[in-house]
Every structure is written in structure tokens, then in C-alpha cells.
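Undergrad: Coordinates in input.pdb, PDB, C-alpha atoms, are listed below.
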MODEL        1
ATOM      1  CA  MET A 872       2.384  -8.317 -16.546  1.00  0.00           C
ATOM      2  CA  HIS A 873       2.906 -11.990 -16.965  1.00  0.00           C
ATOM      3  CA  PHE A 874       0.169 -14.459 -17.760  1.00  0.00           C
ATOM      4  CA  ILE A 875       0.300 -15.901 -14.214  1.00  0.00           C
ATOM      5  CA  LEU A 876      -0.469 -12.526 -12.621  1.00  0.00           C
ATOM      6  CA  LYS A 877      -3.265 -11.868 -15.092  1.00  0.00           C
ATOM      7  CA  ALA A 878      -4.811 -15.281 -14.424  1.00  0.00           C
ATOM      8  CA  PHE A 879      -4.447 -14.842 -10.669  1.00  0.00           C
ATOM      9  CA  LEU A 880      -6.155 -11.471 -10.679  1.00  0.00           C
ATOM     10  CA  ALA A 881      -8.838 -12.253 -13.256  1.00  0.00           C
ATOM     11  CA  GLY A 882     -11.241 -13.701 -10.711  1.00  0.00           C
ATOM     12  CA  TYR A 883     -10.768 -10.878  -8.238  1.00  0.00           C
ATOM     13  CA  LEU A 884     -10.515  -7.647 -10.203  1.00  0.00           C
ATOM     14  CA  VAL A 885     -12.920  -4.872  -9.453  1.00  0.00           C
ATOM     15  CA  LEU A 886     -14.308  -3.611 -12.732  1.00  0.00           C
ATOM     16  CA  GLY A 887     -14.264   0.100 -13.369  1.00  0.00           C
ATOM     17  CA  SER A 888     -13.116   2.868 -15.625  1.00  0.00           C
ATOM     18  CA  ALA A 889      -9.503   3.887 -15.219  1.00  0.00           C
ATOM     19  CA  GLY A 890      -9.708   7.163 -17.106  1.00  0.00           C
ATOM     20  CA  GLY A 891      -9.197  10.637 -15.699  1.00  0.00           C
ATOM     21  CA  ALA A 892      -6.776  12.194 -13.270  1.00  0.00           C
ATOM     22  CA  LEU A 893      -5.498  10.159 -10.345  1.00  0.00           C
ATOM     23  CA  SER A 894      -7.327  12.159  -7.707  1.00  0.00           C
ATOM     24  CA  GLY A 895     -10.540  11.906  -9.711  1.00  0.00           C
ATOM     25  CA  ASN A 896     -10.409   8.103  -9.485  1.00  0.00           C
ATOM     26  CA  ILE A 897      -9.785   7.810  -5.776  1.00  0.00           C
ATOM     27  CA  PRO A 898     -12.845   8.337  -3.624  1.00  0.00           C
ATOM     28  CA  GLY A 899     -12.035  10.997  -1.069  1.00  0.00           C
ATOM     29  CA  ALA A 900      -8.680  11.954  -2.618  1.00  0.00           C
ATOM     30  CA  GLY A 901      -7.587  15.420  -1.787  1.00  0.00           C
ATOM     31  CA  GLY A 902      -6.245  14.714   1.664  1.00  0.00           C
ATOM     32  CA  THR A 903      -9.079  15.456   4.027  1.00  0.00           C
ATOM     33  CA  SER A 904      -8.432  15.241   7.732  1.00  0.00           C
ATOM     34  CA  ALA A 905     -12.127  14.722   8.461  1.00  0.00           C
ATOM     35  CA  SER A 906     -13.258  11.115   8.646  1.00  0.00           C
ATOM     36  CA  SER A 907     -14.841  10.014   5.392  1.00  0.00           C
ATOM     37  CA  GLY A 908     -17.486   7.318   5.076  1.00  0.00           C
ATOM     38  CA  GLY A 909     -16.528   3.679   4.887  1.00  0.00           C
ATOM     39  CA  ASN A 910     -13.494   1.745   5.992  1.00  0.00           C
ATOM     40  CA  VAL A 911     -10.026   1.356   4.538  1.00  0.00           C
ATOM     41  CA  MET A 912     -10.905  -1.728   2.472  1.00  0.00           C
ATOM     42  CA  GLN A 913     -14.084  -0.168   1.074  1.00  0.00           C
ATOM     43  CA  MET A 914     -12.058   2.766  -0.275  1.00  0.00           C
ATOM     44  CA  ILE A 915      -9.430   0.497  -1.820  1.00  0.00           C
ATOM     45  CA  ALA A 916     -12.055  -1.809  -3.363  1.00  0.00           C
ATOM     46  CA  SER A 917     -14.037   1.105  -4.821  1.00  0.00           C
ATOM     47  CA  SER A 918     -11.034   2.807  -6.415  1.00  0.00           C
ATOM     48  CA  PRO A 919     -10.287   1.852 -10.046  1.00  0.00           C
ATOM     49  CA  GLU A 920      -6.689   2.968  -9.366  1.00  0.00           C
ATOM     50  CA  HIS A 921      -6.322   0.213  -6.740  1.00  0.00           C
ATOM     51  CA  SER A 922      -7.904  -2.834  -8.416  1.00  0.00           C
ATOM     52  CA  THR A 923      -4.625  -4.800  -8.367  1.00  0.00           C
ATOM     53  CA  LEU A 924      -4.101  -4.126  -4.669  1.00  0.00           C
ATOM     54  CA  ALA A 925      -7.755  -4.939  -3.894  1.00  0.00           C
ATOM     55  CA  ALA A 926      -7.500  -8.271  -5.736  1.00  0.00           C
ATOM     56  CA  MET A 927      -4.351  -9.242  -3.861  1.00  0.00           C
ATOM     57  CA  LEU A 928      -5.876  -8.301  -0.497  1.00  0.00           C
ATOM     58  CA  GLN A 929      -8.958 -10.385  -1.307  1.00  0.00           C
ATOM     59  CA  ALA A 930      -6.828 -13.371  -2.371  1.00  0.00           C
ATOM     60  CA  THR A 931      -5.071 -13.450   1.014  1.00  0.00           C
ATOM     61  CA  GLY A 932      -8.047 -12.621   3.231  1.00  0.00           C
ATOM     62  CA  LEU A 933      -6.444  -9.350   4.330  1.00  0.00           C
ATOM     63  CA  ASP A 934      -9.508  -7.593   2.909  1.00  0.00           C
ATOM     64  CA  GLN A 935     -11.441  -8.885   5.943  1.00  0.00           C
ATOM     65  CA  THR A 936      -8.792  -7.519   8.305  1.00  0.00           C
ATOM     66  CA  LEU A 937      -8.821  -4.095   6.648  1.00  0.00           C
ATOM     67  CA  ALA A 938     -12.620  -4.011   6.781  1.00  0.00           C
ATOM     68  CA  GLY A 939     -12.551  -4.780  10.521  1.00  0.00           C
ATOM     69  CA  LYS A 940     -12.451  -2.645  13.632  1.00  0.00           C
ATOM     70  CA  GLY A 941      -8.691  -2.289  13.917  1.00  0.00           C
ATOM     71  CA  VAL A 942      -6.996   0.994  13.174  1.00  0.00           C
ATOM     72  CA  PHE A 943      -4.588   0.774  10.229  1.00  0.00           C
ATOM     73  CA  THR A 944      -2.487   2.907   7.945  1.00  0.00           C
ATOM     74  CA  VAL A 945      -2.209   1.478   4.442  1.00  0.00           C
ATOM     75  CA  PHE A 946       0.414   2.631   1.957  1.00  0.00           C
ATOM     76  CA  ALA A 947      -1.662   1.841  -1.142  1.00  0.00           C
ATOM     77  CA  PRO A 948       0.217   1.528  -4.464  1.00  0.00           C
ATOM     78  CA  VAL A 949      -1.699   2.478  -7.589  1.00  0.00           C
ATOM     79  CA  ASN A 950      -2.109  -0.064 -10.409  1.00  0.00           C
ATOM     80  CA  SER A 951       0.677   1.505 -12.470  1.00  0.00           C
ATOM     81  CA  ALA A 952       3.100   0.833  -9.580  1.00  0.00           C
ATOM     82  CA  PHE A 953       2.474  -2.921  -9.935  1.00  0.00           C
ATOM     83  CA  SER A 954       2.768  -2.699 -13.736  1.00  0.00           C
ATOM     84  CA  ALA A 955       6.161  -0.998 -13.393  1.00  0.00           C
ATOM     85  CA  LEU A 956       7.704  -3.899 -11.453  1.00  0.00           C
ATOM     86  CA  HIS A 957      10.173  -6.239 -13.114  1.00  0.00           C
ATOM     87  CA  PRO A 958       7.972  -8.741 -15.017  1.00  0.00           C
ATOM     88  CA  GLY A 959       8.970 -11.762 -12.899  1.00  0.00           C
ATOM     89  CA  MET A 960       8.902 -10.033  -9.528  1.00  0.00           C
ATOM     90  CA  LEU A 961       5.191 -10.396  -8.820  1.00  0.00           C
ATOM     91  CA  ASP A 962       5.189 -14.010  -9.979  1.00  0.00           C
ATOM     92  CA  GLN A 963       7.056 -14.970  -6.797  1.00  0.00           C
ATOM     93  CA  TYR A 964       4.219 -13.495  -4.715  1.00  0.00           C
ATOM     94  CA  THR A 965       1.155 -14.353  -6.781  1.00  0.00           C
ATOM     95  CA  HIS A 966       1.739 -18.060  -7.344  1.00  0.00           C
ATOM     96  CA  PRO A 967      -1.055 -19.906  -5.497  1.00  0.00           C
ATOM     97  CA  ALA A 968       1.470 -21.979  -3.505  1.00  0.00           C
ATOM     98  CA  LYS A 969       3.066 -18.792  -2.164  1.00  0.00           C
ATOM     99  CA  ARG A 970       0.120 -17.262  -0.291  1.00  0.00           C
ATOM    100  CA  ALA A 971       2.267 -16.708   2.842  1.00  0.00           C
ATOM    101  CA  GLU A 972       4.792 -14.692   0.827  1.00  0.00           C
ATOM    102  CA  LEU A 973       1.992 -12.629  -0.734  1.00  0.00           C
ATOM    103  CA  THR A 974       0.526 -11.968   2.712  1.00  0.00           C
ATOM    104  CA  ARG A 975       3.899 -10.769   4.036  1.00  0.00           C
ATOM    105  CA  PHE A 976       4.450  -8.664   0.902  1.00  0.00           C
ATOM    106  CA  LEU A 977       1.080  -6.953   1.418  1.00  0.00           C
ATOM    107  CA  ASN A 978       1.630  -6.565   5.163  1.00  0.00           C
ATOM    108  CA  CYS A 979       4.767  -4.581   4.311  1.00  0.00           C
ATOM    109  CA  HIS A 980       2.301  -1.883   3.155  1.00  0.00           C
ATOM    110  CA  ILE A 981       0.310  -1.814   6.417  1.00  0.00           C
ATOM    111  CA  LEU A 982       0.961  -0.238   9.839  1.00  0.00           C
ATOM    112  CA  LEU A 983      -1.044  -0.583  13.029  1.00  0.00           C
ATOM    113  CA  GLY A 984      -2.525   2.752  14.055  1.00  0.00           C
ATOM    114  CA  ARG A 985      -3.517   5.918  12.244  1.00  0.00           C
ATOM    115  CA  ILE A 986      -0.412   7.646  10.874  1.00  0.00           C
ATOM    116  CA  ASP A 987      -0.965  10.809   8.856  1.00  0.00           C
ATOM    117  CA  THR A 988       1.703  12.925   7.169  1.00  0.00           C
ATOM    118  CA  ALA A 989       1.695  15.467  10.021  1.00  0.00           C
ATOM    119  CA  THR A 990       2.653  12.631  12.402  1.00  0.00           C
ATOM    120  CA  LEU A 991       5.382  11.481  10.017  1.00  0.00           C
ATOM    121  CA  ARG A 992       6.745  15.057   9.891  1.00  0.00           C
ATOM    122  CA  ARG A 993       6.784  15.232  13.709  1.00  0.00           C
ATOM    123  CA  MET A 994       8.680  11.930  13.830  1.00  0.00           C
ATOM    124  CA  LEU A 995      11.241  13.308  11.397  1.00  0.00           C
ATOM    125  CA  ALA A 996      11.655  16.519  13.418  1.00  0.00           C
ATOM    126  CA  VAL A 997      12.338  14.580  16.634  1.00  0.00           C
ATOM    127  CA  GLN A 998      14.706  12.147  14.917  1.00  0.00           C
ATOM    128  CA  ALA A 999      16.531  14.916  12.976  1.00  0.00           C
ATOM    129  CA  GLY A1000      16.908  12.686   9.945  1.00  0.00           C
ATOM    130  CA  PRO A1001      15.399   9.589   8.375  1.00  0.00           C
ATOM    131  CA  TYR A1002      12.988   7.830  10.715  1.00  0.00           C
ATOM    132  CA  MET A1003      12.358   4.057  10.603  1.00  0.00           C
ATOM    133  CA  ILE A1004       8.892   2.526  10.991  1.00  0.00           C
ATOM    134  CA  LYS A1005       8.040  -1.181  11.173  1.00  0.00           C
ATOM    135  CA  THR A1006       5.137  -2.627   9.193  1.00  0.00           C
ATOM    136  CA  LEU A1007       2.858  -5.559  10.023  1.00  0.00           C
ATOM    137  CA  GLY A1008       4.981  -7.658   7.649  1.00  0.00           C
ATOM    138  CA  GLY A1009       8.106  -6.947   9.681  1.00  0.00           C
ATOM    139  CA  CYS A1010       9.545  -4.663   6.996  1.00  0.00           C
ATOM    140  CA  TYR A1011      11.299  -1.448   7.948  1.00  0.00           C
ATOM    141  CA  LEU A1012      10.518   1.714   6.013  1.00  0.00           C
ATOM    142  CA  GLY A1013      12.621   4.832   6.150  1.00  0.00           C
ATOM    143  CA  VAL A1014      10.567   8.022   6.334  1.00  0.00           C
ATOM    144  CA  GLU A1015      12.190  11.034   4.657  1.00  0.00           C
ATOM    145  CA  ALA A1016      11.209  14.538   3.634  1.00  0.00           C
ATOM    146  CA  ASN A1017      11.961  15.894   0.188  1.00  0.00           C
ATOM    147  CA  GLY A1018      10.887  19.494   0.473  1.00  0.00           C
ATOM    148  CA  ALA A1019       7.163  19.471   1.200  1.00  0.00           C
ATOM    149  CA  MET A1020       6.812  15.825   0.120  1.00  0.00           C
ATOM    150  CA  ILE A1021       7.034  12.868   2.507  1.00  0.00           C
ATOM    151  CA  GLN A1022       8.749   9.854   0.997  1.00  0.00           C
ATOM    152  CA  LEU A1023       9.393   6.288   2.091  1.00  0.00           C
ATOM    153  CA  ARG A1024      12.436   4.129   1.410  1.00  0.00           C
ATOM    154  CA  ASP A1025      11.858   0.374   1.375  1.00  0.00           C
ATOM    155  CA  GLU A1026      14.386  -2.269   2.431  1.00  0.00           C
ATOM    156  CA  ARG A1027      15.744  -2.474  -1.120  1.00  0.00           C
ATOM    157  CA  GLY A1028      16.382   1.282  -1.249  1.00  0.00           C
ATOM    158  CA  THR A1029      13.493   2.228  -3.527  1.00  0.00           C
ATOM    159  CA  VAL A1030      12.175   5.715  -2.798  1.00  0.00           C
ATOM    160  CA  VAL A1031       8.378   5.913  -2.822  1.00  0.00           C
ATOM    161  CA  SER A1032       6.381   9.156  -2.925  1.00  0.00           C
ATOM    162  CA  ILE A1033       2.983   9.737  -1.365  1.00  0.00           C
ATOM    163  CA  LEU A1034       0.671  10.874  -4.191  1.00  0.00           C
ATOM    164  CA  ALA A1035      -2.531  11.404  -2.204  1.00  0.00           C
ATOM    165  CA  PRO A1036      -1.916  11.806   1.539  1.00  0.00           C
ATOM    166  CA  ASP A1037      -4.132  11.437   4.572  1.00  0.00           C
ATOM    167  CA  LEU A1038      -7.261   9.761   3.205  1.00  0.00           C
ATOM    168  CA  ARG A1039      -9.015   9.180   6.516  1.00  0.00           C
ATOM    169  CA  ARG A1040     -11.509   6.347   6.878  1.00  0.00           C
ATOM    170  CA  SER A1041     -13.512   4.982   9.793  1.00  0.00           C
ATOM    171  CA  ASN A1042     -10.831   2.435  10.712  1.00  0.00           C
ATOM    172  CA  GLY A1043      -7.642   4.092   9.541  1.00  0.00           C
ATOM    173  CA  GLU A1044      -5.690   6.156   7.103  1.00  0.00           C
ATOM    174  CA  ILE A1045      -4.688   5.585   3.484  1.00  0.00           C
ATOM    175  CA  GLN A1046      -1.565   7.035   1.932  1.00  0.00           C
ATOM    176  CA  VAL A1047      -1.650   6.528  -1.850  1.00  0.00           C
ATOM    177  CA  ILE A1048       1.868   5.788  -3.127  1.00  0.00           C
ATOM    178  CA  ASP A1049       3.495   5.739  -6.566  1.00  0.00           C
ATOM    179  CA  LYS A1050       5.599   2.563  -6.191  1.00  0.00           C
ATOM    180  CA  VAL A1051       5.334  -0.838  -4.560  1.00  0.00           C
ATOM    181  CA  LEU A1052       7.213  -1.431  -1.287  1.00  0.00           C
ATOM    182  CA  ILE A1053       9.347  -4.561  -1.638  1.00  0.00           C
ATOM    183  CA  PRO A1054      10.654  -6.570   1.352  1.00  0.00           C
ATOM    184  CA  GLY A1055      14.445  -6.851   1.611  1.00  0.00           C
ATOM    185  CA  ASN A1056      14.501 -10.652   1.510  1.00  0.00           C
TER     186      ASN A1056
ENDMDL
END
Spit out the file's structure as C-alpha cells when you get a sec.
TA:
Amino acid sequence: MHFILKAFLAGYLVLGSAGGALSGNIPGAGGTSASSGGNVMQMIASSPEHSTLAAMLQATGLDQTLAGKGVFTVFAPVNSAFSALHPGMLDQYTHPAKRAELTRFLNCHILLGRIDTATLRRMLAVQAGPYMIKTLGGCYLGVEANGAMIQLRDERGTVVSILAPDLRRSNGEIQVIDKVLIPGN
């Protein structure tokens, strides 16, 4: 990560240990359909695997939205997904003068409503092929099945896998993903 991203996140990072298996670091991981305690933002903020995402949500004020009463589905990239991006890519979103771009970028990971993987599978069955969903950021994601795994395709063609599906919270659903969803333009 570049110095700019590190400086931007330094004031917002949630401290925690990042050791152990992925599911061991995500509160409630394991894909429970029963509602777990807390809201979507509380889960993201308490997960050491999502400290980058939590910091970005806090920087834009979207943390307040995701802690509110709405019902959301968040495709939540793990920290390693942000680290894997081209070094300059996040700079365009994290520069303080580009808060609107960062907000749109993050909103491309959020849907209105509770969408679990069973719902995504039903959508695919009705469509008989890739199904398109629109995010709060106006991005379109293709929903695809690869065997038993549900995958997303962002506007740039990157295929994203759901690592930990259906983490239900009081105000929505979290789908932990392995890559960052990037807007097309």
C-alpha cells in the first residue's frame, strides 16, 4: 500500500490481531441463517479481517448508515483484497479531496435489502444465466454460479468469490468476499 493510503487509514484503523483462519477472525462466520447480535457495521468494525473496509466506511460517514435501521446487504472485502489492488488504484479513492469517489466506490459494495445466497441462487434459476444486480453506488454486478459457489463479476470483469456467506445481522446481511468490487468508470 502506498504512503497516502496508510496515512489516510492510520487515524481510523481498528486495532486487533489478524492471526488465525479467516472464519476464526470474523464474528459469526460460518453462514448462519439465524439473526446474530449487532448490526452490519458492528460486525465489520469488530472484525480484524475488515479493518480497511471499516476505516473507509468511517471516513465517509457510511458507518452511520450501516449502523442504522435500514436493511442492507454488504459485500465486504477482506483486508488482503485491498492489499492486492494495483498500488495506485486506491489512491484515487482515498485522497481527502475525493470523498465523493470513495463514497461511490464503497456504495458499489452495498445493496438495499437482505440478499442471501439462496436468494441469489433463485435469481439465477429464473434468469437461466448470469443475473445483474444494481448497488447503491449505481454499479452493476453480475451474479454467477461456479458449482456450489456464488460469484460476482464487477463492471471491470473481475470475478469475486464469496468466502463467508450469509452472515445475518439485525439490519442486514454480510457476504464476505475475496476481492474488491471496482466501478467501471
Undergrad: Identify which of the residues A:Ile1004, A:Ala968, A:Val1014, A:Val911 lies closest to A:Val942, counting only C-alpha atoms when measuring atom-to-atom distances.
TA: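 The closest residue to A:Val942 is A:Val911.
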Undergrad: Can you list, as number ranges by chain, the residues that the PyMOL selection byres ((chain A and resi 925) around 8) selects here?
TA: A: 883-885, 912, 915-916, 921-924, 926-929, 934
Undergrad: Those residues you just picked out, can you put them in a file as a PDB file, in the coordinates of the input with C-alpha atoms?
TA:
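The resulting file, again28.pdb, is shown below:
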ATOM      1  CA  TYR A 883     -10.768 -10.878  -8.238  1.00  0.00           C
ATOM      2  CA  LEU A 884     -10.515  -7.647 -10.203  1.00  0.00           C
ATOM      3  CA  VAL A 885     -12.920  -4.872  -9.453  1.00  0.00           C
ATOM      4  CA  MET A 912     -10.905  -1.728   2.472  1.00  0.00           C
ATOM      5  CA  ILE A 915      -9.430   0.497  -1.820  1.00  0.00           C
ATOM      6  CA  ALA A 916     -12.055  -1.809  -3.363  1.00  0.00           C
ATOM      7  CA  HIS A 921      -6.322   0.213  -6.740  1.00  0.00           C
ATOM      8  CA  SER A 922      -7.904  -2.834  -8.416  1.00  0.00           C
ATOM      9  CA  THR A 923      -4.625  -4.800  -8.367  1.00  0.00           C
ATOM     10  CA  LEU A 924      -4.101  -4.126  -4.669  1.00  0.00           C
ATOM     11  CA  ALA A 926      -7.500  -8.271  -5.736  1.00  0.00           C
ATOM     12  CA  MET A 927      -4.351  -9.242  -3.861  1.00  0.00           C
ATOM     13  CA  LEU A 928      -5.876  -8.301  -0.497  1.00  0.00           C
ATOM     14  CA  GLN A 929      -8.958 -10.385  -1.307  1.00  0.00           C
ATOM     15  CA  ASP A 934      -9.508  -7.593   2.909  1.00  0.00           C
TER      16      ASP A 934
END
Undergrad: Report the residues retrieved by the PyMOL selection byres ((chain A and resi 979) around 7) from the displayed file, expressed as a compact mmCIF listing (two decimals) with C-alpha atoms, in the coordinates of the input.
TA:
# COMPACT_ATOMS: atom_id res chain seq x y z
CA ARG A 975 3.90 -10.77 4.04
CA PHE A 976 4.45 -8.66 0.90
CA LEU A 977 1.08 -6.95 1.42
CA ASN A 978 1.63 -6.56 5.16
CA HIS A 980 2.30 -1.88 3.16
CA ILE A 981 0.31 -1.81 6.42
CA THR A 1006 5.14 -2.63 9.19
CA LEU A 1007 2.86 -5.56 10.02
CA GLY A 1008 4.98 -7.66 7.65
CA GLY A 1009 8.11 -6.95 9.68
CA CYS A 1010 9.54 -4.66 7.00
CA LEU A 1052 7.21 -1.43 -1.29
CA PRO A 1054 10.65 -6.57 1.35
Undergrad: Could you list, as a ChimeraX atom specification, every residue within 9 Å of stretch 1023-1030 of chain A, counting all atoms listed in the file and ignoring same-chain residues fewer than 6 positions away?
TA: /A:1010-1016,1050-1056
Undergrad: Could you check the closest approach to A:Asn1042 for each of A:Ile986, A:Leu956, A:Val949, A:Met994 and tell me which residue wins, using only C-alpha atoms?
TA: A:Ile986
Undergrad: Each side padded by 4 Å, which centre and which edge lengths in Å (one decimal) define the axis-aligned box around the listed atoms of stretch 1036-1039 of chain A? Give them as lines of an AutoDock Vina configuration file.
TA:
center_x = -5.5
center_y = 10.5
center_z = 4.0
size_x = 15.1
size_y = 10.6
size_z = 13.0
Undergrad: Do you have the atom CA of A:Ala952-atom CA of A:Val1047 distance handy?
TA: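 Interatomic distance here is 10.7 Å.
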Undergrad: Please determine, counting all atoms listed in the file, which residue among A:Leu1034, A:Ala930, A:Ala989, A:Leu983 has the shortest atom-to-atom distance to A:His966.
TA: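 Once distances to A:His966 are computed over all atoms listed in the file, the minimum belongs to A:Ala930.
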Undergrad: Please indicate the distance in Å from atom CA of A:Arg985 to atom CA of A:Glu972, rounded to one decimal place.
TA: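 Distance between the two atoms: 25.0 Å.
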Undergrad: Generate all heavy atoms for stretch 923-933 of chain A and emit them as a short mmCIF file (atom, residue, chain, number, x, y, z; two decimals), keeping the file's coordinate frame.
TA:
data_model
loop_
_atom_site.label_atom_id
_atom_site.label_comp_id
_atom_site.auth_asym_id
_atom_site.auth_seq_id
_atom_site.Cartn_x
_atom_site.Cartn_y
_atom_site.Cartn_z
N THR A 923 -5.64 -3.76 -8.57
CA THR A 923 -4.62 -4.80 -8.37
C THR A 923 -4.43 -5.05 -6.88
O THR A 923 -4.42 -6.20 -6.43
CB THR A 923 -3.30 -4.41 -9.04
OG1 THR A 923 -3.53 -4.19 -10.43
CG2 THR A 923 -2.25 -5.49 -8.86
N LEU A 924 -4.27 -3.99 -6.11
CA LEU A 924 -4.10 -4.13 -4.67
C LEU A 924 -5.33 -4.79 -4.05
O LEU A 924 -5.20 -5.70 -3.22
CB LEU A 924 -3.85 -2.76 -4.03
CG LEU A 924 -3.73 -2.73 -2.51
CD1 LEU A 924 -2.56 -3.58 -2.03
CD2 LEU A 924 -3.58 -1.29 -2.02
N ALA A 925 -6.52 -4.37 -4.44
CA ALA A 925 -7.76 -4.94 -3.89
C ALA A 925 -7.82 -6.44 -4.17
O ALA A 925 -8.18 -7.23 -3.28
CB ALA A 925 -8.98 -4.23 -4.48
N ALA A 926 -7.46 -6.85 -5.38
CA ALA A 926 -7.50 -8.27 -5.74
C ALA A 926 -6.52 -9.08 -4.89
O ALA A 926 -6.84 -10.18 -4.44
CB ALA A 926 -7.19 -8.45 -7.22
N MET A 927 -5.35 -8.54 -4.67
CA MET A 927 -4.35 -9.24 -3.86
C MET A 927 -4.80 -9.34 -2.40
O MET A 927 -4.62 -10.38 -1.76
CB MET A 927 -3.00 -8.54 -3.97
CG MET A 927 -2.42 -8.60 -5.36
SD MET A 927 -0.95 -7.55 -5.48
CE MET A 927 0.23 -8.79 -5.98
N LEU A 928 -5.37 -8.27 -1.88
CA LEU A 928 -5.88 -8.30 -0.50
C LEU A 928 -6.99 -9.33 -0.36
O LEU A 928 -7.04 -10.08 0.63
CB LEU A 928 -6.36 -6.91 -0.08
CG LEU A 928 -5.28 -5.85 0.10
CD1 LEU A 928 -5.89 -4.46 0.18
CD2 LEU A 928 -4.41 -6.14 1.30
N GLN A 929 -7.87 -9.41 -1.34
CA GLN A 929 -8.96 -10.38 -1.31
C GLN A 929 -8.42 -11.81 -1.39
O GLN A 929 -8.92 -12.71 -0.71
CB GLN A 929 -9.94 -10.11 -2.44
CG GLN A 929 -10.74 -8.85 -2.23
CD GLN A 929 -11.50 -8.40 -3.47
OE1 GLN A 929 -11.38 -8.99 -4.54
NE2 GLN A 929 -12.28 -7.34 -3.32
N ALA A 930 -7.39 -12.03 -2.20
CA ALA A 930 -6.83 -13.37 -2.37
C ALA A 930 -6.19 -13.90 -1.09
O ALA A 930 -6.14 -15.11 -0.88
CB ALA A 930 -5.80 -13.36 -3.50
N THR A 931 -5.73 -13.03 -0.23
CA THR A 931 -5.07 -13.45 1.01
C THR A 931 -5.99 -13.40 2.23
O THR A 931 -5.62 -13.87 3.30
CB THR A 931 -3.86 -12.54 1.32
OG1 THR A 931 -4.32 -11.20 1.47
CG2 THR A 931 -2.81 -12.62 0.23
N GLY A 932 -7.16 -12.79 2.09
CA GLY A 932 -8.05 -12.62 3.23
C GLY A 932 -7.76 -11.36 4.02
O GLY A 932 -8.47 -11.06 4.99
N LEU A 933 -6.75 -10.61 3.64
CA LEU A 933 -6.44 -9.35 4.33
C LEU A 933 -7.54 -8.32 4.12
O LEU A 933 -7.65 -7.36 4.89
CB LEU A 933 -5.09 -8.78 3.88
CG LEU A 933 -3.87 -9.50 4.43
CD1 LEU A 933 -2.60 -9.00 3.75
CD2 LEU A 933 -3.78 -9.34 5.94
#
